[in-house]
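So this block is data.cif, mmCIF, C-alpha atoms and all ligand atoms:
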data_protein
#
loop_
_atom_site.label_atom_id
_atom_site.label_comp_id
_atom_site.auth_asym_id
_atom_site.auth_seq_id
_atom_site.Cartn_x
_atom_site.Cartn_y
_atom_site.Cartn_z
CA MET A 1 112.52 253.38 113.81
CA GLU A 2 109.13 254.08 115.38
CA LYS A 3 108.49 252.37 118.69
CA ILE A 4 105.93 249.53 118.63
CA GLU A 5 103.89 251.42 121.24
CA ASP A 6 103.65 254.34 118.82
CA VAL A 7 102.70 252.16 115.87
CA LEU A 8 99.94 250.61 117.97
CA LYS A 9 98.52 254.01 118.88
CA LYS A 10 97.70 254.72 115.23
CA ASP A 11 94.18 254.47 113.96
CA SER A 12 95.13 252.73 110.77
CA PHE A 13 98.20 250.86 109.61
CA ASN A 14 100.05 251.09 106.32
CA LYS A 15 101.82 248.10 104.80
CA GLU A 16 105.06 248.93 106.55
CA ASP A 17 103.31 249.05 109.95
CA ILE A 18 101.61 245.73 109.30
CA ILE A 19 104.88 244.07 108.33
CA ARG A 20 106.43 245.42 111.50
CA LEU A 21 103.61 244.00 113.63
CA LEU A 22 103.62 240.64 111.86
CA SER A 23 107.33 240.38 112.57
CA LEU A 24 107.02 240.82 116.35
CA ASP A 25 108.44 238.00 118.43
CA GLN A 26 106.25 236.22 120.96
CA ASP A 27 107.16 238.49 123.80
CA GLU A 28 106.68 241.73 121.86
CA SER A 29 103.38 240.41 120.48
CA LYS A 30 101.84 240.82 123.92
CA MET A 31 101.55 244.57 123.25
CA LEU A 32 99.75 243.89 119.99
CA TYR A 33 97.36 241.48 121.71
CA LEU A 34 96.58 243.97 124.48
CA ARG A 35 95.69 246.62 121.93
CA SER A 36 93.59 244.24 119.90
CA LYS A 37 91.74 243.06 123.01
CA GLU A 38 91.01 246.67 123.90
CA ILE A 39 89.59 247.36 120.42
CA LYS A 40 87.59 244.15 120.53
CA GLU A 41 85.96 245.09 123.81
CA LYS A 42 85.21 248.60 122.61
CA TYR A 43 83.71 247.72 119.24
CA VAL A 44 82.18 244.25 119.56
CA GLY A 45 82.15 243.63 123.32
CA ASN A 46 83.06 240.36 125.00
CA LYS A 47 80.25 238.18 123.69
CA VAL A 48 81.12 235.12 121.66
CA TYR A 49 78.52 234.10 119.09
CA LEU A 50 78.00 230.47 118.25
CA ARG A 51 77.57 228.97 114.78
CA GLY A 52 76.81 225.26 114.59
CA LEU A 53 78.97 223.91 111.76
CA ILE A 54 77.53 221.19 109.53
CA GLU A 55 79.92 219.77 106.96
CA PHE A 56 77.13 218.37 104.84
CA SER A 57 79.08 216.88 101.94
CA ASN A 58 82.71 216.16 101.10
CA ILE A 59 82.04 215.75 97.39
CA CYS A 60 84.08 218.34 95.54
CA ALA A 61 84.69 219.04 91.87
CA LYS A 62 87.84 221.02 92.57
CA ASP A 63 91.41 220.05 93.13
CA CYS A 64 92.91 222.73 95.38
CA LEU A 65 96.44 221.45 95.96
CA TYR A 66 96.31 221.82 99.76
CA CYS A 67 92.94 220.32 100.60
CA GLY A 68 92.33 216.82 101.91
CA ILE A 69 88.92 216.45 100.24
CA ARG A 70 90.11 217.54 96.79
CA LYS A 71 88.56 215.63 93.93
CA SER A 72 91.65 213.54 93.15
CA ASN A 73 92.14 212.29 96.69
CA ASP A 74 90.57 208.85 96.60
CA THR A 75 91.47 207.89 100.17
CA TYR A 76 88.09 209.05 101.52
CA ASP A 77 84.62 207.72 101.04
CA ARG A 78 82.44 210.50 99.77
CA TYR A 79 79.24 211.37 101.58
CA ASN A 80 76.31 213.64 101.03
CA LEU A 81 74.04 214.01 104.06
CA GLN A 82 70.30 213.66 103.60
CA ASN A 83 68.30 216.82 104.27
CA GLU A 84 66.50 215.15 107.16
CA ASP A 85 69.83 214.42 108.89
CA ILE A 86 70.93 218.00 108.35
CA LEU A 87 67.65 219.27 109.78
CA GLU A 88 68.19 217.03 112.79
CA ALA A 89 71.59 218.67 113.33
CA VAL A 90 70.04 222.13 112.95
CA LYS A 91 67.41 221.16 115.53
CA PHE A 92 70.24 220.28 117.89
CA ALA A 93 71.77 223.73 117.30
CA LYS A 94 68.44 225.41 117.98
CA GLU A 95 67.95 223.49 121.21
CA ALA A 96 71.49 224.22 122.29
CA LYS A 97 70.65 227.92 121.69
CA TYR A 98 73.28 228.44 119.02
CA GLY A 99 71.98 231.51 117.19
CA SER A 100 73.05 230.30 113.76
CA VAL A 101 74.37 227.50 111.63
CA VAL A 102 77.02 227.22 108.92
CA LEU A 103 76.45 224.78 106.06
CA GLN A 104 79.75 223.89 104.47
CA SER A 105 80.66 221.50 101.66
CA GLY A 106 82.92 220.81 98.75
CA GLU A 107 82.22 222.84 95.66
CA LEU A 108 79.85 221.59 92.99
CA GLU A 109 78.41 223.78 90.29
CA SER A 110 75.35 222.16 88.82
CA PRO A 111 71.61 222.79 88.62
CA ALA A 112 71.06 219.80 90.92
CA PHE A 113 73.40 221.18 93.59
CA THR A 114 71.87 224.66 93.35
CA GLU A 115 68.44 223.23 93.84
CA ARG A 116 69.49 220.89 96.62
CA VAL A 117 71.02 223.69 98.70
CA GLU A 118 68.08 225.97 97.91
CA THR A 119 65.60 223.39 99.19
CA LEU A 120 67.71 222.73 102.25
CA VAL A 121 67.99 226.42 103.15
CA GLN A 122 64.26 226.89 102.58
CA GLN A 123 63.47 223.94 104.84
CA ILE A 124 65.68 225.33 107.61
CA SER A 125 64.14 228.79 107.24
CA ASP A 126 60.64 227.38 107.42
CA ALA A 127 61.29 225.01 110.31
CA PHE A 128 62.52 227.45 112.94
CA ASP A 129 60.91 230.51 114.39
CA PRO A 130 62.50 232.80 115.43
CA LYS A 131 64.89 232.25 112.59
CA LEU A 132 68.43 231.02 112.87
CA GLY A 133 71.19 232.79 111.00
CA ILE A 134 72.16 230.67 108.00
CA THR A 135 75.69 230.90 106.65
CA LEU A 136 76.70 229.04 103.51
CA SER A 137 80.21 228.05 102.53
CA CYS A 138 79.82 226.11 99.29
CA GLY A 139 82.37 227.78 97.04
CA GLU A 140 82.10 229.83 93.88
CA GLN A 141 78.70 229.99 92.24
CA SER A 142 76.88 232.06 89.64
CA GLU A 143 74.98 235.20 90.56
CA GLU A 144 71.72 233.38 89.91
CA THR A 145 72.62 230.57 92.32
CA TYR A 146 73.74 232.97 95.05
CA ARG A 147 70.50 234.90 94.56
CA ARG A 148 68.33 231.79 94.83
CA TRP A 149 70.09 230.70 98.02
CA LYS A 150 69.68 234.16 99.49
CA ASN A 151 65.99 234.27 98.63
CA ALA A 152 65.59 230.89 100.30
CA GLY A 153 66.93 232.38 103.55
CA ALA A 154 70.74 232.28 103.60
CA ASP A 155 72.02 235.59 104.88
CA ARG A 156 75.77 235.05 105.22
CA TYR A 157 78.46 233.51 103.04
CA LEU A 158 82.05 232.49 103.65
CA LEU A 159 84.45 232.34 100.74
CA ARG A 160 88.10 232.61 101.62
CA ILE A 161 90.30 234.21 99.00
CA GLU A 162 93.03 231.93 100.48
CA THR A 163 95.73 234.40 99.34
CA SER A 164 95.39 237.72 97.56
CA ASN A 165 98.69 237.16 95.74
CA GLU A 166 97.66 235.84 92.32
CA GLU A 167 101.02 234.15 91.74
CA LEU A 168 100.87 232.33 95.06
CA TYR A 169 97.22 231.48 94.36
CA TYR A 170 98.36 229.51 91.32
CA ARG A 171 101.09 227.79 93.32
CA ILE A 172 98.40 226.32 95.58
CA HIS A 173 95.74 225.70 92.92
CA PRO A 174 95.92 224.11 89.49
CA ARG A 175 96.31 226.78 86.84
CA ASP A 176 93.09 226.15 84.94
CA PRO A 177 89.70 227.85 84.47
CA LYS A 178 88.13 225.82 87.29
CA HIS A 179 90.53 227.39 89.76
CA SER A 180 90.65 230.94 88.47
CA PHE A 181 91.80 233.66 90.87
CA GLN A 182 89.75 236.22 88.97
CA ASN A 183 86.61 234.07 89.31
CA ARG A 184 87.15 233.80 93.05
CA LEU A 185 87.40 237.59 93.30
CA ALA A 186 84.32 238.03 91.12
CA ALA A 187 82.39 235.59 93.32
CA LEU A 188 83.24 237.62 96.43
CA GLU A 189 82.04 240.78 94.73
CA ARG A 190 78.84 239.03 93.63
CA LEU A 191 78.09 238.03 97.22
CA LYS A 192 78.56 241.56 98.46
CA LYS A 193 76.44 243.01 95.70
CA LEU A 194 73.60 240.62 96.56
CA GLY A 195 73.61 241.87 100.15
CA TYR A 196 75.08 238.84 101.91
CA GLN A 197 77.09 239.37 105.07
CA THR A 198 80.28 238.46 103.33
CA GLY A 199 83.24 236.73 104.86
CA THR A 200 86.64 235.93 103.47
CA GLY A 201 90.00 234.89 104.81
CA ILE A 202 93.34 233.33 104.14
CA MET A 203 95.58 230.49 105.17
CA VAL A 204 98.70 231.58 107.03
CA GLY A 205 102.02 229.79 106.61
CA LEU A 206 101.56 228.52 103.06
CA PRO A 207 104.79 227.40 101.39
CA THR A 208 106.60 230.41 99.85
CA GLN A 209 104.10 232.88 101.40
CA THR A 210 105.88 235.93 102.82
CA ILE A 211 105.04 238.41 105.58
CA GLU A 212 104.57 240.96 102.77
CA ASP A 213 101.91 238.69 101.23
CA ILE A 214 100.02 238.55 104.52
CA ALA A 215 100.24 242.32 104.91
CA ASP A 216 98.72 242.62 101.42
CA ASP A 217 96.01 240.12 102.37
CA ILE A 218 95.04 242.22 105.39
CA LEU A 219 94.89 245.36 103.23
CA PHE A 220 92.85 243.38 100.69
CA MET A 221 90.25 242.43 103.31
CA GLN A 222 90.05 246.03 104.43
CA LYS A 223 89.73 247.34 100.87
CA TYR A 224 87.00 244.81 100.06
CA ASP A 225 85.22 245.97 103.21
CA MET A 226 84.54 242.44 104.42
CA ASP A 227 82.05 241.79 107.23
CA MET A 228 83.62 238.60 108.53
CA CYS A 229 87.14 237.16 108.52
CA GLY A 230 88.27 233.57 108.94
CA ILE A 231 92.01 233.14 109.23
CA GLY A 232 93.66 229.83 109.94
CA PRO A 233 97.11 228.31 109.74
CA TYR A 234 97.82 226.15 106.70
CA ILE A 235 98.26 222.57 107.85
CA GLU A 236 99.58 219.83 105.60
CA SER A 237 97.17 217.15 104.47
CA GLU A 238 99.28 214.10 103.73
CA ASN A 239 97.76 212.96 100.46
CA THR A 240 97.88 216.32 98.73
CA PRO A 241 100.38 217.68 96.20
CA LEU A 242 101.16 220.75 98.30
CA ALA A 243 102.17 218.63 101.29
CA GLN A 244 104.11 216.16 99.13
CA ASP A 245 105.93 218.57 96.84
CA PHE A 246 106.89 221.39 99.20
CA GLU A 247 109.12 221.34 102.21
CA ASN A 248 107.52 224.01 104.40
CA PRO A 249 110.22 225.86 106.30
CA MET A 250 107.79 227.43 108.76
CA SER A 251 107.02 225.38 111.88
CA LEU A 252 103.40 224.78 112.86
CA ASP A 253 104.04 226.76 116.01
CA ASP A 254 105.21 229.77 114.00
CA ARG A 255 102.18 229.51 111.71
CA PHE A 256 99.96 229.49 114.77
CA HIS A 257 101.51 232.66 116.17
CA LEU A 258 101.46 234.34 112.80
CA ALA A 259 97.75 233.58 112.52
CA LEU A 260 97.12 235.08 115.97
CA LYS A 261 99.03 238.23 115.03
CA THR A 262 97.09 238.42 111.76
CA ILE A 263 93.68 238.33 113.43
CA SER A 264 94.83 240.87 116.02
CA ILE A 265 95.93 243.31 113.32
CA ILE A 266 92.63 242.75 111.49
CA ARG A 267 90.73 243.48 114.70
CA ILE A 268 92.62 246.75 115.20
CA MET A 269 92.21 247.83 111.58
CA MET A 270 88.69 246.62 110.82
CA LYS A 271 87.32 247.01 114.36
CA ASP A 272 83.71 245.82 114.20
CA VAL A 273 84.01 242.82 111.87
CA ASN A 274 83.21 239.30 113.04
CA ILE A 275 86.34 237.20 113.39
CA ALA A 276 86.14 233.43 113.74
CA ALA A 277 88.32 231.40 116.07
CA SER A 278 89.19 228.92 113.34
CA THR A 279 89.23 225.18 113.99
CA ALA A 280 92.69 224.81 112.42
CA LEU A 281 94.16 226.82 115.31
CA GLN A 282 93.12 224.03 117.61
CA SER A 283 94.93 221.36 115.63
CA ILE A 284 98.21 223.05 116.50
CA ASP A 285 97.47 224.23 120.03
CA LYS A 286 94.88 222.48 122.23
CA VAL A 287 93.65 225.87 123.45
CA GLY A 288 94.24 227.65 120.17
CA ARG A 289 90.67 228.80 119.71
CA GLU A 290 90.54 230.18 123.23
CA LYS A 291 93.72 232.12 122.56
CA ALA A 292 92.11 233.59 119.45
CA ILE A 293 89.03 234.62 121.43
CA ASN A 294 91.21 236.13 124.10
CA VAL A 295 92.90 238.47 121.69
CA ALA A 296 90.56 239.18 118.80
CA ALA A 297 87.95 236.63 117.73
CA ASN A 298 84.25 236.77 118.62
CA ILE A 299 82.84 233.79 116.72
CA PHE A 300 83.10 230.11 117.71
CA MET A 301 81.86 227.35 115.44
CA PRO A 302 81.04 224.17 117.39
CA ASN A 303 80.97 221.20 115.05
CA ILE A 304 77.53 219.56 114.77
CA THR A 305 78.31 217.31 111.81
CA PRO A 306 77.18 213.74 112.60
CA THR A 307 80.20 212.02 114.20
CA GLU A 308 80.35 209.19 111.63
CA ASN A 309 81.00 211.68 108.80
CA ARG A 310 83.63 213.82 110.50
CA LYS A 311 86.49 211.46 109.62
CA GLU A 312 85.71 211.99 105.95
CA TYR A 313 85.79 215.77 106.10
CA LEU A 314 89.48 216.04 106.81
CA LEU A 315 90.63 219.19 105.06
CA TYR A 316 94.00 218.84 106.83
CA ASP A 317 95.81 216.42 109.16
CA ASN A 318 95.14 216.32 112.93
CA LYS A 319 91.78 218.03 112.55
CA PRO A 320 90.38 218.25 116.08
CA CYS A 321 87.01 217.07 117.42
CA ILE A 322 86.50 214.29 114.88
CA ASP A 323 85.50 211.65 117.43
CA GLU A 324 83.15 213.83 119.43
CA SER A 325 79.39 214.09 119.16
CA ALA A 326 77.53 217.38 118.82
CA SER A 327 76.60 217.34 122.49
CA GLU A 328 80.17 216.62 123.57
CA CYS A 329 81.28 219.60 121.48
CA GLN A 330 78.55 221.67 123.11
CA SER A 331 79.73 221.17 126.68
CA CYS A 332 83.34 221.54 125.63
CA VAL A 333 82.64 224.84 123.87
CA ILE A 334 80.83 226.38 126.78
CA GLY A 335 83.73 225.47 129.09
CA ARG A 336 86.26 226.77 126.62
CA ILE A 337 84.59 230.15 126.25
CA ALA A 338 84.08 230.49 130.00
CA LEU A 339 87.85 230.00 130.39
CA THR A 340 88.49 233.08 128.29
CA GLY A 341 86.34 235.26 130.53
CA ASN A 342 84.12 236.07 127.55
CA GLU A 343 80.38 235.57 127.61
CA VAL A 344 78.56 232.98 125.50
CA ALA A 345 75.78 234.61 123.48
CA TYR A 346 72.81 232.26 123.47
CA ASP A 347 70.06 232.43 120.88
CA GLU A 348 71.62 235.46 119.25
CA LEU A 349 72.16 235.88 115.55
CA GLY A 350 75.48 237.66 116.08
CA THR A 351 75.09 239.75 112.96
CA SER A 352 78.34 241.44 112.02
CA LYS A 353 78.26 244.99 113.36
CA HIS A 354 80.32 245.97 110.38
CA TYR A 355 77.59 244.67 108.09
CA GLU A 356 74.91 246.62 109.97
CA ARG A 357 76.98 249.77 109.63
CA ARG A 358 77.65 249.10 105.93
CA MET A 359 73.94 248.58 105.24
CA ALA A 360 72.92 251.70 107.18
CA LYS A 361 75.18 253.79 104.92
CA LYS A 362 73.37 252.60 101.78
N1 LIG A 401 84.67 224.24 99.32
C1 LIG A 401 84.50 225.47 100.00
C2 LIG A 401 84.37 225.31 101.51
C3 LIG A 401 85.12 224.18 102.15
S1 LIG A 401 86.84 224.37 102.31
C4 LIG A 401 85.62 226.43 99.66
O1 LIG A 401 86.68 225.97 99.26
O2 LIG A 401 85.41 227.63 99.80
C5 LIG A 401 86.93 225.56 103.63
C6 LIG A 401 88.28 226.14 103.90
O3 LIG A 401 89.15 225.14 104.43
C7 LIG A 401 89.04 226.64 102.70
O4 LIG A 401 88.62 227.93 102.34
C8 LIG A 401 90.49 226.61 103.17
O5 LIG A 401 90.93 227.88 103.60
C9 LIG A 401 90.45 225.65 104.36
N2 LIG A 401 91.41 224.55 104.14
C10 LIG A 401 91.40 223.62 103.18
N3 LIG A 401 92.53 222.86 103.24
C11 LIG A 401 93.27 223.34 104.27
C12 LIG A 401 94.54 223.00 104.82
N4 LIG A 401 95.28 222.01 104.32
N5 LIG A 401 94.98 223.72 105.88
C13 LIG A 401 94.24 224.71 106.41
N6 LIG A 401 93.05 225.08 105.93
C14 LIG A 401 92.56 224.42 104.86
FE1 LIG A 402 87.03 221.64 97.33
FE2 LIG A 402 86.98 223.77 99.01
FE3 LIG A 402 88.76 221.76 99.33
FE4 LIG A 402 89.04 223.41 97.26
S1 LIG A 402 89.19 223.96 99.47
S2 LIG A 402 89.21 221.17 97.17
S3 LIG A 402 86.91 223.81 96.75
S4 LIG A 402 86.56 221.62 99.51
#

Turn the structure described in the file into structure tokens.
Ligand code: SAH
Ligand code: SF4
Amino acid sequence: MEKIEDVLKKDSFNKEDIIRLLSLDQDESKMLYLRSKEIKEKYVGNKVYLRGLIEFSNICAKDCLYCGIRKSNDTYDRYNLQNEDILEAVKFAKEAKYGSVVLQSGELESPAFTERVETLVQQISDAFDPKLGITLSCGEQSEETYRRWKNAGADRYLLRIETSNEELYYRIHPRDPKHSFQNRLAALERLKKLGYQTGTGIMVGLPTQTIEDIADDILFMQKYDMDMCGIGPYIESENTPLAQDFENPMSLDDRFHLALKTISIIRIMMKDVNIAASTALQSIDKVGREKAINVAANIFMPNITPTENRKEYLLYDNKPCIDESASECQSCVIGRIALTGNEVAYDELGTSKHYERRMAKK
């Protein structure tokens, strides 16, 4: 068998290599992390870009079996922030010198929702000069809707495929047209075609998910030539069917380490993509996001959702930072990044270098 050192010297990994790397124990993983850190420094440097995250509504028409804010979960009050409150949060981000914001919500597909987000994006674009980067994460939408949001000023979009294994996809989603795997794929392609900086990702440690599945997911993200990747551990949300019906044999700690290995392999293979230090990492390990930055990630998303709404945007249990205010998150973030020895990028858009390269080729 090839030595790990030799596998890590390769420029690209095949499925077998990826499986090998995903199977490394904690001690052996150190070699993987060193290599990934080296690639990170070479291709994206040691700056960490900030995206103020606003979870603007927890109203969702879908019923993903893992998600705490799924339609059928009636344990939460539903909220929908007013545009003026969202603009207030964006103003905070601007003053804190975050170069961009992410607007995330449950998924609604309706003319009213399309228009609402369009107006909101337009208002943010008009209100700030120089412009902030605007990322949307509002689920699957028609080409027309994505186009309108882009014309209003949104330049990035996050839509995780969750898993690229269609069978597993239907184990974690209802098998109906509202939760179609093919539609999710088509939506990703639509976003790319429209010229968005496109991000996808997966949950790691889903019940019945195998190392082979994750290797396929990594190859999927490479094949789809994604600009941004968001990978987080799957964490049970108590009132959901997936948490209630499946005994998950993988410990949270193992999911955490598997997620770190996954982002490190992505960094080595995809080099100049933006990789987020996902919030879910921090629900398992208090310094989980710092660990991700240390080895591979270059994006940090401080939460700027008004504190009173955070308790109702619980996608999973033990979500961190739900009692903090935006300014508490701000000072915490700066300290956290400083601890990693990376540099905080203030007032920078943090455009994915991969995206710039992809566009230059066109
Ligand atoms: N409605 C949009 C955006 C909000 S959900 C969408 O679904 O795309 C954002 C992400 O939260 C999802 O893509 C999913 O990967 C993650 N998420 C949801 N429930 C989770 C859970 N139980 N554990 C970990 N991540 C979860
Ligand atoms: Fe809705 Fe997104 Fe949660 Fe699915 S993952 S239930 S689409 S918020």

Residues within 10 Å of A:Leu81, all atoms listed in the file, excluding chain neighbours under 5 positions, as a CSV table (one decimal) with C-alpha atoms, in the frame of the given file:
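Result file result.csv:
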chain,number,residue,atom,x,y,z
A,54,ILE,CA,77.5,221.2,109.5
A,55,GLU,CA,79.9,219.8,107.0
A,56,PHE,CA,77.1,218.4,104.8
A,57,SER,CA,79.1,216.9,101.9
A,58,ASN,CA,82.7,216.2,101.1
A,86,ILE,CA,70.9,218.0,108.4
A,305,THR,CA,78.3,217.3,111.8
A,306,PRO,CA,77.2,213.7,112.6
A,309,ASN,CA,81.0,211.7,108.8

Exercise for the section: Please identify the residues whose atoms come within 8 Å of ligand LIG 401 (chain A), using all atoms listed in the file, and report them as a PyMOL selection string. Expected result: chain A and resi 60+64+66-69+104-107+137-140+158-162+201-203+231-237+280+315-317

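The nearest approach to A:Arg78 among the residues A:Lys97, A:Lys311, A:Lys291, A:Lys193, with all atoms listed in the file taken into account, belongs to A:Lys311.
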
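The coordinates place atom CA of A:Glu343 at 17.9 Å from atom CA of A:Ala93.
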
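Put simply, atom CA of A:Cys332 is 28.2 Å away from atom CA of A:Arg35.
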
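Distances to ligand LIG 402 (chain A) were evaluated for A:Asn274, A:Ser352, A:Ser180, A:Asn151 using only C-alpha atoms and all ligand atoms, and the minimum falls at A:Ser180.
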
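With atom CA of A:Leu219 on one side and atom CA of A:Ile275 on the other, the separation reads 15.6 Å.
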
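Using all atoms listed in the file, the residues found no farther than 7 Å from A:Arg148, other than those of its own chain fewer than 4 positions away, are Glu118, Glu144 and Ala152 of chain A.
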
Problem - Nearest to A:Ile211, chosen from A:Val90, A:Leu21, A:Leu188, A:Ile39, with all atoms listed in the file counted in the distances - result: A:Leu21

Fill in the blank from the handout: Min atom-atom distance to ligand LIG 402 (chain A) from the set A:Ala338, A:Cys329, A:Ala89, A:Leu314, counting all atoms listed in the file, belongs to A:Leu314

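If only C-alpha atoms and all ligand atoms are the atoms counted, then among A:Ile299, A:Leu53, A:Leu108, A:Leu194 the closest residue to ligand LIG 402 (chain A) is A:Leu108.
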
All residues 12 Å or closer to A:Ser125, only C-alpha atoms, same chain fewer than 4 positions away omitted, as a PDB file with C-alpha atoms, in the coordinates of the input:
ATOM      1  CA  LEU A  87      67.650 219.270 109.780  1.00  0.00           C
ATOM      2  CA  VAL A  90      70.040 222.130 112.950  1.00  0.00           C
ATOM      3  CA  LYS A  91      67.410 221.160 115.530  1.00  0.00           C
ATOM      4  CA  SER A 100      73.050 230.300 113.760  1.00  0.00           C
ATOM      5  CA  VAL A 101      74.370 227.500 111.630  1.00  0.00           C
ATOM      6  CA  GLU A 118      68.080 225.970  97.910  1.00  0.00           C
ATOM      7  CA  THR A 119      65.600 223.390  99.190  1.00  0.00           C
ATOM      8  CA  LEU A 120      67.710 222.730 102.250  1.00  0.00           C
ATOM      9  CA  VAL A 121      67.990 226.420 103.150  1.00  0.00           C
ATOM     10  CA  ASP A 129      60.910 230.510 114.390  1.00  0.00           C
ATOM     11  CA  PRO A 130      62.500 232.800 115.430  1.00  0.00           C
ATOM     12  CA  LYS A 131      64.890 232.250 112.590  1.00  0.00           C
ATOM     13  CA  LEU A 132      68.430 231.020 112.870  1.00  0.00           C
ATOM     14  CA  GLY A 133      71.190 232.790 111.000  1.00  0.00           C
ATOM     15  CA  ILE A 134      72.160 230.670 108.000  1.00  0.00           C
ATOM     16  CA  THR A 135      75.690 230.900 106.650  1.00  0.00           C
ATOM     17  CA  TRP A 149      70.090 230.700  98.020  1.00  0.00           C
ATOM     18  CA  LYS A 150      69.680 234.160  99.490  1.00  0.00           C
ATOM     19  CA  ASN A 151      65.990 234.270  98.630  1.00  0.00           C
ATOM     20  CA  ALA A 152      65.590 230.890 100.300  1.00  0.00           C
ATOM     21  CA  GLY A 153      66.930 232.380 103.550  1.00  0.00           C
ATOM     22  CA  ALA A 154      70.740 232.280 103.600  1.00  0.00           C
ATOM     23  CA  ASP A 155      72.020 235.590 104.880  1.00  0.00           C
TER      24      ASP A 155
END

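The smallest atom-to-atom distance between ligand LIG 402 (chain A) and any of A:Arg267, A:Arg156, A:Lys42, A:Arg70, using only C-alpha atoms and all ligand atoms, is found for A:Arg70.
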
Would you pull stretch 205-218 of chain A out of the block just shown and save N, CA, C and O atoms as a tab-separated table (two decimals), in the first residue's frame?
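So decode-v8.tsv came out as:
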chain	number	residue	atom	x	y	z
A	205	GLY	N	-21.58	12.68	8.49
A	205	GLY	CA	-22.01	11.88	9.65
A	205	GLY	C	-23.50	11.64	9.67
A	205	GLY	O	-24.09	11.39	10.72
A	206	LEU	N	-24.13	11.69	8.50
A	206	LEU	CA	-25.57	11.38	8.41
A	206	LEU	C	-25.76	9.88	8.66
A	206	LEU	O	-24.88	9.08	8.31
A	207	PRO	N	-26.89	9.49	9.23
A	207	PRO	CA	-27.11	8.07	9.44
A	207	PRO	C	-27.02	7.32	8.11
A	207	PRO	O	-27.55	7.79	7.10
A	208	THR	N	-26.34	6.22	8.12
A	208	THR	CA	-26.10	5.30	6.98
A	208	THR	C	-25.11	5.87	5.92
A	208	THR	O	-24.78	5.18	4.97
A	209	GLN	N	-24.66	7.10	6.10
A	209	GLN	CA	-23.67	7.65	5.14
A	209	GLN	C	-22.33	6.92	5.33
A	209	GLN	O	-21.92	6.68	6.46
A	210	THR	N	-21.69	6.59	4.22
A	210	THR	CA	-20.41	5.89	4.32
A	210	THR	C	-19.25	6.81	3.90
A	210	THR	O	-19.49	7.88	3.31
A	211	ILE	N	-18.05	6.36	4.18
A	211	ILE	CA	-16.84	7.09	3.75
A	211	ILE	C	-16.83	7.19	2.22
A	211	ILE	O	-16.43	8.20	1.65
A	212	GLU	N	-17.31	6.12	1.57
A	212	GLU	CA	-17.38	6.12	0.09
A	212	GLU	C	-18.31	7.24	-0.38
A	212	GLU	O	-18.03	7.92	-1.36
A	213	ASP	N	-19.42	7.42	0.32
A	213	ASP	CA	-20.35	8.50	-0.05
A	213	ASP	C	-19.64	9.85	0.02
A	213	ASP	O	-19.79	10.70	-0.86
A	214	ILE	N	-18.89	10.06	1.10
A	214	ILE	CA	-18.22	11.36	1.26
A	214	ILE	C	-17.16	11.55	0.19
A	214	ILE	O	-16.98	12.65	-0.35
A	215	ALA	N	-16.46	10.46	-0.15
A	215	ALA	CA	-15.47	10.56	-1.24
A	215	ALA	C	-16.19	10.98	-2.53
A	215	ALA	O	-15.72	11.86	-3.27
A	216	ASP	N	-17.35	10.37	-2.79
A	216	ASP	CA	-18.12	10.77	-3.98
A	216	ASP	C	-18.57	12.23	-3.91
A	216	ASP	O	-18.58	12.93	-4.92
A	217	ASP	N	-18.94	12.66	-2.71
A	217	ASP	CA	-19.36	14.07	-2.55
A	217	ASP	C	-18.22	15.02	-2.91
A	217	ASP	O	-18.42	16.05	-3.55
A	218	ILE	N	-17.02	14.68	-2.46
A	218	ILE	CA	-15.86	15.54	-2.74
A	218	ILE	C	-15.62	15.58	-4.25
A	218	ILE	O	-15.41	16.65	-4.84
